[in-house]
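Q: model05.txt (compact mmCIF, C-alpha atoms) pasted underneath:
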# COMPACT_ATOMS: atom_id res chain seq x y z
CA MET R 1 -24.08 -49.68 35.65
CA PHE R 2 -22.95 -46.95 37.95
CA LYS R 3 -19.96 -46.13 35.72
CA ASN R 4 -21.95 -46.44 32.51
CA TYR R 5 -24.54 -44.01 33.79
CA TYR R 6 -22.06 -41.22 34.59
CA LEU R 7 -19.63 -41.72 31.71
CA PRO R 8 -21.64 -39.67 29.20
CA LEU R 9 -21.68 -36.81 31.67
CA LEU R 10 -18.00 -36.94 32.43
CA LEU R 11 -16.91 -36.97 28.80
CA PRO R 12 -18.28 -33.51 27.86
CA VAL R 13 -16.73 -32.06 30.99
CA THR R 14 -13.36 -33.51 30.01
CA VAL R 15 -13.65 -32.13 26.48
CA LEU R 16 -14.70 -28.74 27.84
CA LEU R 17 -11.71 -28.60 30.16
CA PHE R 18 -9.41 -29.61 27.32
CA SER R 19 -10.93 -26.95 25.05
CA CYS R 20 -10.44 -24.26 27.68
CA GLU R 21 -6.87 -25.36 28.18
CA LYS R 22 -6.32 -25.27 24.41
CA GLU R 23 -7.85 -21.78 24.06
CA ASP R 24 -5.64 -20.51 26.86
CA ASN R 25 -2.63 -21.54 24.79
CA VAL R 26 -3.77 -19.56 21.71
CA PRO R 27 -1.89 -16.23 21.61
CA PRO R 28 -4.10 -13.13 21.43
CA THR R 29 -4.48 -11.43 18.06
CA ASP R 30 -1.71 -8.89 17.53
CA TYR R 31 -3.16 -5.53 16.51
CA SER R 32 0.08 -3.62 17.02
CA ILE R 33 1.71 -1.36 14.43
CA GLY R 34 5.44 -1.55 13.76
CA SER R 35 8.07 -0.87 11.13
CA THR R 36 8.56 -3.12 8.09
CA SER R 37 11.02 -3.24 5.21
CA HIS R 38 9.00 -0.58 3.32
CA PHE R 39 7.45 1.35 6.21
CA GLU R 40 9.16 3.20 9.03
CA LEU R 41 7.09 3.96 12.13
CA ILE R 42 8.72 7.14 13.39
CA ASP R 43 6.37 7.99 16.27
CA GLN R 44 3.12 6.75 17.82
CA HIS R 45 0.26 8.23 19.77
CA GLU R 46 -0.52 6.89 23.24
CA ASN R 47 -3.28 4.67 21.85
CA GLY R 48 -0.76 2.94 19.58
CA TRP R 49 -1.93 4.61 16.39
CA ILE R 50 0.54 6.20 13.98
CA LYS R 51 1.74 9.70 14.71
CA GLN R 52 4.51 9.91 12.13
CA GLY R 53 5.46 7.46 9.42
CA ARG R 54 7.33 7.07 6.19
CA TYR R 55 6.97 4.73 3.23
CA GLN R 56 10.09 4.10 1.20
CA LEU R 57 11.30 2.18 -1.82
CA SER R 58 14.94 1.45 -2.66
CA GLY R 59 16.01 3.82 0.07
CA ASN R 60 13.96 6.75 -1.27
CA PRO R 61 10.87 8.08 0.52
CA THR R 62 7.58 7.68 -1.35
CA GLU R 63 5.30 9.15 1.33
CA GLU R 64 6.04 10.98 4.57
CA PHE R 65 3.10 11.81 6.79
CA GLU R 66 1.76 12.69 10.21
CA TYR R 67 -1.64 11.76 11.66
CA TYR R 68 -3.59 13.51 14.36
CA GLU R 69 -4.58 11.32 17.30
CA ASN R 70 -8.12 11.09 15.87
CA GLY R 71 -6.78 9.54 12.64
CA TYR R 72 -7.04 12.55 10.32
CA ILE R 73 -4.10 13.65 8.17
CA LYS R 74 -2.05 16.46 9.73
CA SER R 75 0.54 16.78 6.97
CA ALA R 76 1.94 14.75 4.12
CA LYS R 77 4.68 14.83 1.50
CA VAL R 78 4.22 12.64 -1.56
CA TYR R 79 7.05 11.70 -3.94
CA ALA R 80 7.21 10.41 -7.50
CA SER R 81 9.87 8.32 -9.22
CA TYR R 82 9.19 9.62 -12.74
CA PRO R 83 10.98 11.20 -14.57
CA GLN R 84 13.26 11.14 -11.51
CA HIS R 85 12.66 10.87 -7.79
CA HIS R 86 11.14 14.15 -6.55
CA LEU R 87 8.68 15.69 -4.12
CA TYR R 88 5.56 16.63 -6.08
CA MET R 89 2.82 17.23 -3.51
CA GLU R 90 2.67 18.60 0.03
CA VAL R 91 -0.45 19.19 2.15
CA SER R 92 -1.40 20.48 5.58
CA ARG R 93 -4.79 19.93 7.26
CA SER R 94 -6.52 20.82 10.52
CA GLU R 95 -7.52 18.42 13.29
CA ASP R 96 -11.14 18.53 12.07
CA ASN R 97 -9.97 17.54 8.57
CA LYS R 98 -10.18 20.92 6.86
CA PRO R 99 -7.47 21.82 4.32
CA LEU R 100 -5.06 24.56 5.44
CA TRP R 101 -2.65 24.78 2.51
CA SER R 102 -1.11 22.69 -0.25
CA LYS R 103 1.86 22.95 -2.58
CA TYR R 104 2.72 21.15 -5.80
CA TYR R 105 6.18 20.93 -7.33
CA LEU R 106 7.72 20.27 -10.74
CA PRO R 107 10.28 17.48 -11.22
CA ASP R 108 13.12 20.02 -11.04
CA GLY R 109 12.00 21.02 -7.54
CA THR R 110 10.48 24.41 -8.39
CA LEU R 111 7.12 25.39 -6.93
CA TRP R 112 4.37 24.90 -9.51
CA PHE R 113 1.21 26.06 -7.69
CA GLU R 114 0.04 26.53 -4.13
CA THR R 115 -3.35 26.94 -2.47
CA GLU R 116 -4.38 28.62 0.76
CA TYR R 117 -7.69 27.67 2.35
CA LYS R 118 -10.09 29.48 4.65
CA ASN R 119 -12.75 27.58 6.61
CA GLY R 120 -12.10 24.54 4.45
CA LEU R 121 -12.64 26.38 1.14
CA PRO R 122 -10.03 27.64 -1.34
CA SER R 123 -9.05 31.25 -0.66
CA VAL R 124 -6.02 31.98 -2.87
CA LYS R 125 -4.33 29.85 -5.50
CA LYS R 126 -1.04 30.94 -7.09
CA ILE R 127 0.26 29.33 -10.27
CA TYR R 128 3.80 29.87 -11.47
CA SER R 129 5.25 29.38 -14.95
CA GLU R 130 7.93 30.70 -17.25
CA GLU R 131 5.31 33.00 -18.80
CA GLY R 132 4.40 34.62 -15.48
CA THR R 133 2.38 34.30 -12.29
CA ALA R 134 -1.39 33.95 -11.90
CA ILE R 135 -3.20 34.67 -8.64
CA HIS R 136 -6.67 33.13 -8.36
CA THR R 137 -8.77 34.66 -5.59
CA TYR R 138 -11.88 32.97 -4.18
CA THR R 139 -14.82 34.36 -2.20
CA ASP R 140 -16.63 31.73 -0.11
CA GLY R 141 -15.02 29.09 -2.27
CA GLU R 142 -16.15 30.65 -5.57
CA LEU R 143 -13.61 32.04 -8.04
CA SER R 144 -13.94 35.84 -7.99
CA LEU R 145 -10.72 37.23 -9.49
CA VAL R 146 -7.79 36.02 -11.62
CA GLU R 147 -4.77 38.28 -12.02
CA PHE R 148 -1.93 37.39 -14.37
CA THR R 149 1.35 39.26 -14.61
CA ALA R 150 3.91 38.35 -17.25
CA ALA R 151 7.37 37.35 -16.02
CA ASP R 152 8.90 40.44 -17.65
CA ASP R 153 6.02 42.73 -16.49
CA SER R 154 5.22 43.52 -20.11
CA SER R 155 1.56 42.51 -19.90
CA THR R 156 -1.28 41.71 -17.53
CA ALA R 157 -4.63 39.97 -17.80
CA ILE R 158 -7.31 40.46 -15.15
CA THR R 159 -10.57 38.52 -15.12
CA SER R 160 -13.11 39.54 -12.47
CA TYR R 161 -16.33 37.64 -11.84
CA ASN R 162 -19.73 39.05 -10.89
CA GLN R 163 -21.89 36.06 -9.99
CA PRO R 164 -25.09 38.00 -9.11
CA GLU R 165 -25.05 39.68 -12.52
CA GLY R 166 -23.89 36.53 -14.30
CA SER R 167 -20.94 38.23 -15.96
CA ARG R 168 -17.17 38.42 -15.99
CA ASN R 169 -14.93 41.24 -17.14
CA VAL R 170 -11.61 40.74 -18.92
CA ILE R 171 -8.99 43.49 -19.08
CA VAL R 172 -5.72 42.88 -20.92
CA THR R 173 -2.83 45.34 -21.01
CA SER R 174 0.38 45.41 -23.00
CA ASN R 175 3.27 47.75 -22.12
CA GLY R 176 0.96 49.80 -19.94
CA GLU R 177 -1.78 50.21 -22.56
CA THR R 178 -5.19 48.54 -22.45
CA VAL R 179 -5.65 46.33 -25.50
CA LEU R 180 -8.92 44.70 -24.41
CA ASP R 181 -11.72 45.48 -21.94
CA GLU R 182 -14.80 43.34 -22.50
CA ASN R 183 -17.64 41.69 -20.58
CA TYR R 184 -18.62 38.06 -21.09
CA ALA R 185 -20.90 35.45 -19.55
CA TYR R 186 -20.02 34.47 -15.98
CA ARG R 187 -19.18 30.91 -16.93
CA GLU R 188 -16.83 30.33 -19.84
CA GLN R 189 -18.71 29.42 -22.97
CA VAL R 190 -17.76 27.86 -26.29
CA GLY R 191 -14.95 29.94 -27.80
CA ALA R 192 -13.63 31.37 -24.53
CA GLY R 193 -9.83 31.57 -24.49
CA ILE R 194 -7.29 30.68 -21.83
CA TYR R 195 -3.59 30.83 -21.04
CA THR R 196 -2.94 27.13 -20.54
CA GLY R 197 0.36 27.64 -18.69
CA THR R 198 -1.32 29.38 -15.75
CA GLN R 199 -4.97 28.54 -16.54
CA VAL R 200 -6.04 32.20 -16.78
CA PRO R 201 -9.42 32.61 -18.55
CA VAL R 202 -9.34 35.51 -21.00
CA ALA R 203 -11.44 36.85 -23.89
CA ASN R 204 -13.73 35.12 -26.39
CA PRO R 205 -12.93 36.06 -30.00
CA PHE R 206 -15.90 34.16 -31.40
CA GLY R 207 -18.49 36.51 -29.88
CA ALA R 208 -22.08 35.37 -30.35
CA THR R 209 -21.27 32.40 -32.57
CA GLU R 210 -24.12 29.91 -32.82
CA THR R 211 -23.73 26.65 -30.93
CA SER R 212 -25.58 23.35 -30.80
CA TYR R 213 -26.30 20.97 -27.93
CA PHE R 214 -25.69 17.29 -28.54
CA LYS R 215 -27.40 14.76 -26.28
CA ILE R 216 -25.29 11.75 -25.36
CA ASN R 217 -26.96 10.21 -22.27
CA GLN R 218 -23.87 8.27 -21.25
CA SER R 219 -23.58 6.82 -17.78
CA SER R 220 -21.34 4.43 -15.91
CA SER R 221 -21.06 3.17 -12.37
CA GLN R 222 -18.84 0.94 -10.30
CA THR R 223 -19.32 -0.67 -6.94
CA PRO R 224 -16.54 0.12 -4.45
CA SER R 225 -13.37 -1.90 -4.86
CA TRP R 226 -9.96 -1.73 -3.27
CA GLU R 227 -7.61 0.63 -5.11
CA ASN R 228 -3.98 1.41 -4.27
CA ASP R 229 -4.54 5.17 -4.26
CA ALA R 230 -7.49 7.47 -3.68
CA ASP R 231 -7.35 8.68 -7.27
CA PRO R 232 -10.89 9.50 -8.45
CA ILE R 233 -9.92 10.46 -12.01
CA ALA R 234 -11.63 7.33 -13.38
CA PHE R 235 -14.92 8.63 -11.99
CA MET R 236 -14.47 12.24 -13.07
CA PHE R 237 -13.98 14.42 -16.12
CA PRO R 238 -11.04 16.82 -15.69
CA TYR R 239 -12.68 20.26 -15.61
CA ARG R 240 -10.17 21.68 -18.09
CA LEU R 241 -8.95 19.24 -20.73
CA PHE R 242 -6.35 20.92 -22.91
CA ASP R 243 -5.44 20.11 -26.49
CA GLU R 244 -2.36 18.04 -25.75
CA TYR R 245 -1.33 14.54 -24.80
CA TYR R 246 -1.09 14.11 -21.07
CA ASN R 247 0.50 11.19 -19.25
CA PRO R 248 0.32 11.57 -15.45
CA GLY R 249 2.99 8.95 -14.85
CA ASN R 250 2.81 6.79 -11.74
CA TYR R 251 1.24 9.36 -9.43
CA PHE R 252 -1.79 11.63 -9.01
CA ALA R 253 -2.85 13.58 -12.12
CA THR R 254 -1.90 16.84 -10.45
CA ARG R 255 -2.36 18.78 -13.69
CA PHE R 256 -6.10 18.45 -13.12
CA ALA R 257 -5.86 19.66 -9.52
CA VAL R 258 -5.22 23.22 -10.73
CA SER R 259 -8.80 23.78 -11.89
CA THR R 260 -10.76 20.70 -10.80
CA GLU R 261 -11.45 21.59 -7.16
CA LEU R 262 -13.19 18.29 -6.47
CA TYR R 263 -10.20 16.27 -7.67
CA GLN R 264 -7.86 18.46 -5.64
CA ALA R 265 -10.03 18.07 -2.53
CA VAL R 266 -9.92 14.27 -2.70
CA ILE R 267 -6.23 13.73 -3.35
CA GLU R 268 -5.32 16.23 -0.62
CA GLN R 269 -7.64 14.50 1.85
CA TYR R 270 -6.19 11.06 1.06
CA PRO R 271 -2.58 11.68 0.00
CA VAL R 272 -1.48 8.53 1.84
CA THR R 273 -3.24 5.17 1.88
CA GLU R 274 -2.50 2.07 3.90
CA ARG R 275 -2.91 -0.94 1.63
CA GLY R 276 -5.49 0.90 -0.46
CA VAL R 277 -8.89 2.57 -0.19
CA LEU R 278 -12.36 1.52 -1.23
CA ILE R 279 -13.56 3.71 -4.09
CA GLY R 280 -16.57 3.57 -6.40
CA GLY R 281 -19.30 5.78 -7.80
CA GLY R 282 -20.95 6.89 -10.97
CA LYS R 283 -20.94 9.57 -13.63
CA TYR R 284 -23.54 10.72 -16.10
CA GLY R 285 -22.90 12.75 -19.22
CA ASP R 286 -26.07 14.43 -20.45
CA GLY R 287 -24.55 16.13 -23.49
CA TYR R 288 -22.23 18.85 -24.71
CA GLU R 289 -22.40 22.23 -26.36
CA SER R 290 -20.12 22.97 -29.31
CA PHE R 291 -19.78 25.15 -32.40
CA GLN R 292 -21.96 24.77 -35.41
CA ASN R 293 -19.92 24.33 -38.57
CA ASN R 294 -19.36 28.03 -39.14
CA TRP R 295 -16.17 28.03 -41.19
CA GLU R 296 -16.55 31.67 -42.19
CA VAL R 297 -16.03 32.75 -38.59
CA ARG R 298 -13.00 30.52 -38.19
CA ASP R 299 -11.49 31.70 -41.44
CA SER R 300 -11.87 35.35 -40.43
CA LEU R 301 -10.29 34.67 -37.03
CA ALA R 302 -7.45 32.82 -38.69
CA LYS R 303 -6.67 35.95 -40.73
CA VAL R 304 -6.59 38.08 -37.57
CA TYR R 305 -4.37 35.52 -35.87
CA ASP R 306 -1.94 35.39 -38.77
CA GLU R 307 -1.58 39.20 -38.75
CA ASN R 308 -0.28 39.27 -35.15
CA PRO R 309 -0.18 35.89 -33.38
CA GLU R 310 1.47 37.34 -30.25
CA LEU R 311 -1.23 40.00 -29.75
CA TYR R 312 -3.97 37.49 -30.56
CA LYS R 313 -2.74 35.05 -27.89
CA LEU R 314 -2.37 37.90 -25.40
CA LYS R 315 -6.04 38.82 -25.76
CA TYR R 316 -7.58 35.42 -26.49
CA GLY R 317 -5.14 32.87 -25.09
CA ASN R 318 -3.41 29.97 -26.80
CA GLU R 319 -6.41 27.61 -26.63
CA TYR R 320 -10.18 28.09 -26.70
CA VAL R 321 -13.17 26.10 -25.45
CA GLU R 322 -14.30 23.73 -28.18
CA LYS R 323 -16.90 21.83 -26.12
CA VAL R 324 -18.74 22.36 -22.85
CA GLY R 325 -19.82 19.10 -21.22
CA TYR R 326 -22.80 18.82 -18.86
CA GLY R 327 -23.69 16.05 -16.46
CA LYS R 328 -23.35 14.75 -12.92
CA ILE R 329 -20.59 13.06 -10.96
CA PHE R 330 -20.49 11.38 -7.58
CA PHE R 331 -18.24 8.85 -5.92
CA VAL R 332 -17.72 7.26 -2.55
CA VAL R 333 -14.42 6.74 -0.73
CA GLY R 334 -13.83 4.37 2.16
CA ALA R 335 -10.46 5.12 3.74
CA ILE R 336 -8.74 3.02 6.38
CA ARG R 337 -5.79 4.02 8.56
CA ASN R 338 -3.69 2.61 11.39
CA LEU R 339 -3.83 -0.95 10.10
CA PRO R 340 -1.92 -3.52 12.17
CA THR R 341 1.40 -4.64 10.74
CA GLY R 342 0.39 -8.31 10.56
CA GLY R 343 -0.74 -9.04 7.01
CA ASN R 344 -3.46 -11.57 7.85
CA VAL R 345 -4.93 -9.35 10.56
CA ALA R 346 -4.91 -6.34 8.23
CA ASP R 347 -6.64 -8.34 5.48
CA ASP R 348 -9.33 -9.49 7.92
CA ILE R 349 -9.99 -5.88 8.97
CA LYS R 350 -10.12 -4.75 5.33
CA ASP R 351 -12.71 -7.42 4.63
CA ILE R 352 -14.82 -6.25 7.57
CA ALA R 353 -14.52 -2.65 6.35
CA ARG R 354 -15.70 -3.67 2.88
CA LYS R 355 -18.72 -5.50 4.30
CA HIS R 356 -19.58 -2.50 6.47
CA MET R 357 -19.36 -0.10 3.51
CA GLU R 358 -21.41 -2.38 1.24
CA ALA R 359 -24.11 -2.59 3.90
CA MET R 360 -24.43 1.22 3.96
CA ILE R 361 -24.48 1.50 0.17
CA ASN R 362 -26.58 -1.52 -0.79
CA GLY R 363 -28.66 -1.89 2.34
CA SER R 364 -27.33 -5.42 2.82
CA THR R 365 -26.79 -7.16 6.12
CA GLY R 366 -24.30 -5.26 8.26
CA ILE R 367 -21.37 -6.52 10.24
CA THR R 368 -21.71 -8.27 13.59
CA SER R 369 -21.00 -6.62 16.93
CA LYS R 370 -17.79 -8.67 17.16
CA GLU R 371 -16.71 -7.43 13.73
CA GLN R 372 -17.56 -3.87 14.72
CA GLU R 373 -15.38 -4.26 17.79
CA ILE R 374 -12.48 -5.29 15.54
CA LEU R 375 -13.13 -2.46 13.07
CA ASN R 376 -13.04 0.02 15.95
CA LYS R 377 -9.37 -0.83 16.44
CA VAL R 378 -8.52 1.13 13.27
CA TRP R 379 -9.64 4.40 11.68
CA PHE R 380 -12.26 3.86 8.98
CA GLU R 381 -14.42 6.50 7.36
CA VAL R 382 -16.79 6.54 4.39
CA LYS R 383 -17.54 9.75 2.47
CA VAL R 384 -19.62 10.71 -0.55
CA PHE R 385 -18.23 13.34 -2.93
CA SER R 386 -19.94 15.04 -5.86
CA THR R 387 -19.97 18.16 -8.01
CA LEU R 388 -22.31 19.81 -5.49
CA LYS R 389 -20.54 22.49 -3.46
CA GLU R 390 -21.73 20.92 -0.18
CA HIS R 391 -20.04 17.66 -1.20
CA LEU R 392 -16.68 19.22 -2.16
CA GLN R 393 -14.89 17.99 0.97
CA GLY R 394 -17.11 14.94 1.22
CA VAL R 395 -20.04 14.03 3.46
CA VAL R 396 -19.47 11.41 6.14
CA ILE R 397 -21.69 8.34 5.73
CA ASP R 398 -22.59 6.46 8.91
CA SER R 399 -25.70 4.63 7.71
CA ALA R 400 -27.60 3.50 4.64
CA GLU R 401 -29.95 6.45 5.13
CA ASP R 402 -27.02 8.90 5.03
CA TYR R 403 -25.87 7.44 1.73
CA LYS R 404 -29.36 7.47 0.25
CA ASN R 405 -29.86 11.13 1.19
CA ALA R 406 -26.50 12.20 -0.27
CA VAL R 407 -27.10 10.47 -3.61
CA GLN R 408 -30.66 11.80 -3.74
CA LYS R 409 -29.33 15.35 -3.51
CA VAL R 410 -27.14 14.66 -6.52
CA ASN R 411 -30.08 13.23 -8.45
CA ASP R 412 -32.29 16.20 -7.59
CA ALA R 413 -29.68 18.82 -8.52
CA GLU R 414 -29.43 20.61 -11.85
CA LEU R 415 -26.89 19.49 -14.41
CA SER R 416 -23.37 20.81 -13.82
CA VAL R 417 -20.65 21.89 -16.22
CA ILE R 418 -18.35 18.91 -15.79
CA GLN R 419 -15.75 19.60 -18.47
CA LEU R 420 -14.37 22.30 -20.72
CA LYS R 421 -12.56 20.75 -23.67
CA TYR R 422 -10.08 22.99 -25.46
CA ARG R 423 -8.55 23.34 -28.91
CA SER R 424 -5.33 25.08 -29.84
CA VAL R 425 -5.61 28.40 -31.72
CA ASP R 426 -2.95 27.02 -34.05
CA SER R 427 -5.76 24.94 -35.57
CA LEU R 428 -7.75 28.00 -36.67
Translate the structure described by the file into structure tokens.
A:
Amino acid sequence: MFKNYYLPLLLPVTVLLFSCEKEDNVPPTDYSIGSTSHFELIDQHENGWIKQGRYQLSGNPTEEFEYYENGYIKSAKVYASYPQHHLYMEVSRSEDNKPLWSKYYLPDGTLWFETEYKNGLPSVKKIYSEEGTAIHTYTDGELSLVEFTAADDSSTAITSYNQPEGSRNVIVTSNGETVLDENYAYREQVGAGIYTGTQVPVANPFGATETSYFKINQSSSQTPSWENDADPIAFMFPYRLFDEYYNPGNYFATRFAVSTELYQAVIEQYPVTERGVLIGGGKYGDGYESFQNNWEVRDSLAKVYDENPELYKLKYGNEYVEKVGYGKIFFVVGAIRNLPTGGNVADDIKDIARKHMEAMINGSTGITSKEQEILNKVWFEVKVFSTLKEHLQGVVIDSAEDYKNAVQKVNDAELSVIQLKYRSVDSL
């Protein structure tokens, strides 16, 4: 009876000792970062996070980048394989995640356009083409002046903006003589022309042509999901959509970065992703403004165009605004950096990050303290972006209340011009 009485007590102790011994033999989770067949870890910070790295495919670099110690991007070079392997995007950012400058290149290696920033806002953007060079100047992030000079110095086009008065002035010269000097509405309206090669807004040959507003009330939304790249084009309308087929290939739609500041801000903030980013959001199209069927006006313009197409395009551009779209856009990006090399560990952390982001967006149950401790081993940040100027570089979301407030500001704001759709003057 003595043995039978103490046996139930001894058994749990034995199991407990065995369990402790078994746990002691389990190796600790490996959160280290190292090189793989597609990733080269060039340098690390003291905390083990990435300082410099390079992704590569078939011996060619696809992304070369450097992180600050706090996890923000310091610089990055991004390459494309189509139509041949080439550097197409290069960015530089400050330690507090403000853009400093960026450059975009054509497949032949020539510089296409570059942007300089001041206090996180665009300051000067230069666009180069065979036709000439355009210098876009910004004041407090707002476009204030566009100066175009033809490659052979034969002509110039200068568009200056006066926001307080709600107007813009267009002056076009040819061989030293002024051929146009007119004032127009501050924002480009239906009929406004543009040089598509350098995206220089010029004159409006249609004058006070009557327009109509068509309501569409179209909306769409998507909960955040893991995407390979932080490419928000699915959630946005390119600000300038020209009258031509465009295939971005297997990389960012950099054509839209010239005029769509929001798109440019996102792809320059997340030029490199580690096993994807969480991205979702919504867009609402209220309606669009377009011409009434005034064929008499178009016929008369066609006669003017046929008389001197070169002069016509010099004053009015090679395409004109056919539709002006109005609506609202917002999206949310959850970016993760410094993921451990181990695939299973990285997947576990990505799952925790997704749960944490969903909790802030949907108000669902958050992650546990243990999960938060694991998530703290990497860099993870959630931001809301929208067409509001204050959301251009994104607003950091740390709680469900932060997210609610950011989206509420979008809902309370006035409708924005979300797209200018163009038509070629050859169709006049």
Q: Report the closest atom pair, with its distance in Å rounded to one decimal, for each residue of region 215-299 of chain R that has an atom no farther than 9 Å from region 187-197 of chain R; count only C-alpha atoms, sort by chain and then rising residue number, and write it as JSON lines.
A:
{"residue": "R:Phe242", "atom": "CA", "partner": "R:Thr196", "partner_atom": "CA", "distance": 7.5}
{"residue": "R:Glu289", "atom": "CA", "partner": "R:Val190", "partner_atom": "CA", "distance": 7.3}
{"residue": "R:Ser290", "atom": "CA", "partner": "R:Val190", "partner_atom": "CA", "distance": 6.2}
{"residue": "R:Phe291", "atom": "CA", "partner": "R:Val190", "partner_atom": "CA", "distance": 7.0}
Q: Could you tell me how far CA of Val202 (chain R) sits from CA of Val304 (chain R), in Å to one decimal place?
A: 17.0 Å
Q: Between R:Glu116, R:Glu414, R:Asp153, R:Asp30, single out the one closest to Tyr138 (chain R), counting all atoms listed in the file.
A: R:Glu116
Q: Compare R:Ala80, R:Ala203, R:Leu106, R:Ala265 by their minimum atom-to-atom distance to Arg93 (chain R), counting only C-alpha atoms, and give me the closest one.
A: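 Under the stated criterion, the closest residue is R:Ala265.
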Q: If the box runs along x, y and z of the file and leaves 3 Å on each side of region 261-275 of chain R, what are its centre and edge lengths in Å, one decimal, as AutoDock Vina command-line options?
A:
--center_x -7.3 --center_y 10.3 --center_z -1.9 --size_x 17.7 --size_y 28.5 --size_z 17.6
Q: To one decimal place, how far is CA of Gln52 (chain R) from CA of Tyr104 (chain R) in Å?
A: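 These atoms are spaced 21.2 Å apart.
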Q: Can you pull out the residues contacting Gly48 (chain R)? Cut-off 10 Å, using all atoms listed in the file, and skip same-chain residues under 5 positions away; I want them as a PDB file with C-alpha atoms, keeping the file's coordinate frame.
A:
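out01.pdb was written with the following content:
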ATOM      1  CA  TYR R  31      -3.160  -5.530  16.510  1.00  0.00           C
ATOM      2  CA  SER R  32       0.080  -3.620  17.020  1.00  0.00           C
ATOM      3  CA  ILE R  33       1.710  -1.360  14.430  1.00  0.00           C
ATOM      4  CA  GLY R  34       5.440  -1.550  13.760  1.00  0.00           C
ATOM      5  CA  ASP R  43       6.370   7.990  16.270  1.00  0.00           C
ATOM      6  CA  GLU R  69      -4.580  11.320  17.300  1.00  0.00           C
ATOM      7  CA  ASN R 338      -3.690   2.610  11.390  1.00  0.00           C
ATOM      8  CA  PRO R 340      -1.920  -3.520  12.170  1.00  0.00           C
ATOM      9  CA  LYS R 377      -9.370  -0.830  16.440  1.00  0.00           C
TER      10      LYS R 377
END
Q: Under the rule that all atoms listed in the file are counted, which of R:Asn247, R:Arg354, R:Gln84, R:Glu131 is the nearest residue to Gln372 (chain R)?
A: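 Checking each candidate against Gln372 (chain R), we get R:Arg354 as the closest.
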Q: For each of R:Ile349, R:Ile267, R:Leu314, R:Val91, take the minimum atom-to-atom distance to Ile158 (chain R), counting all atoms listed in the file, then give the residue where this is smallest.
A: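 Looking only at the distances to Ile158 (chain R), the closest residue turns out to be R:Leu314.
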Q: Nearest residue to Val146 (chain R) out of R:Thr133, R:Asn70, R:Asn376, R:Ser399, using only C-alpha atoms?
A: R:Thr133
Q: Need the neighbours of (-16.0, 7.3, -6.4): which residues are at most 7 Å away, counting all atoms listed in the file, as number ranges by chain?
A: R: 232, 235, 279-282, 330-333
Q: What separation in Å, quoted to one decimal, exists between CA of Ser102 (chain R) and CA of Met89 (chain R)?
A: 7.5 Å
Q: Given only C-alpha atoms as the basis, pick out the residue of R:Ser160, R:Thr223, R:Ser167, R:Ser75 nearest to Asn362 (chain R).
A: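 Closest to Asn362 (chain R), using only C-alpha atoms: R:Thr223.
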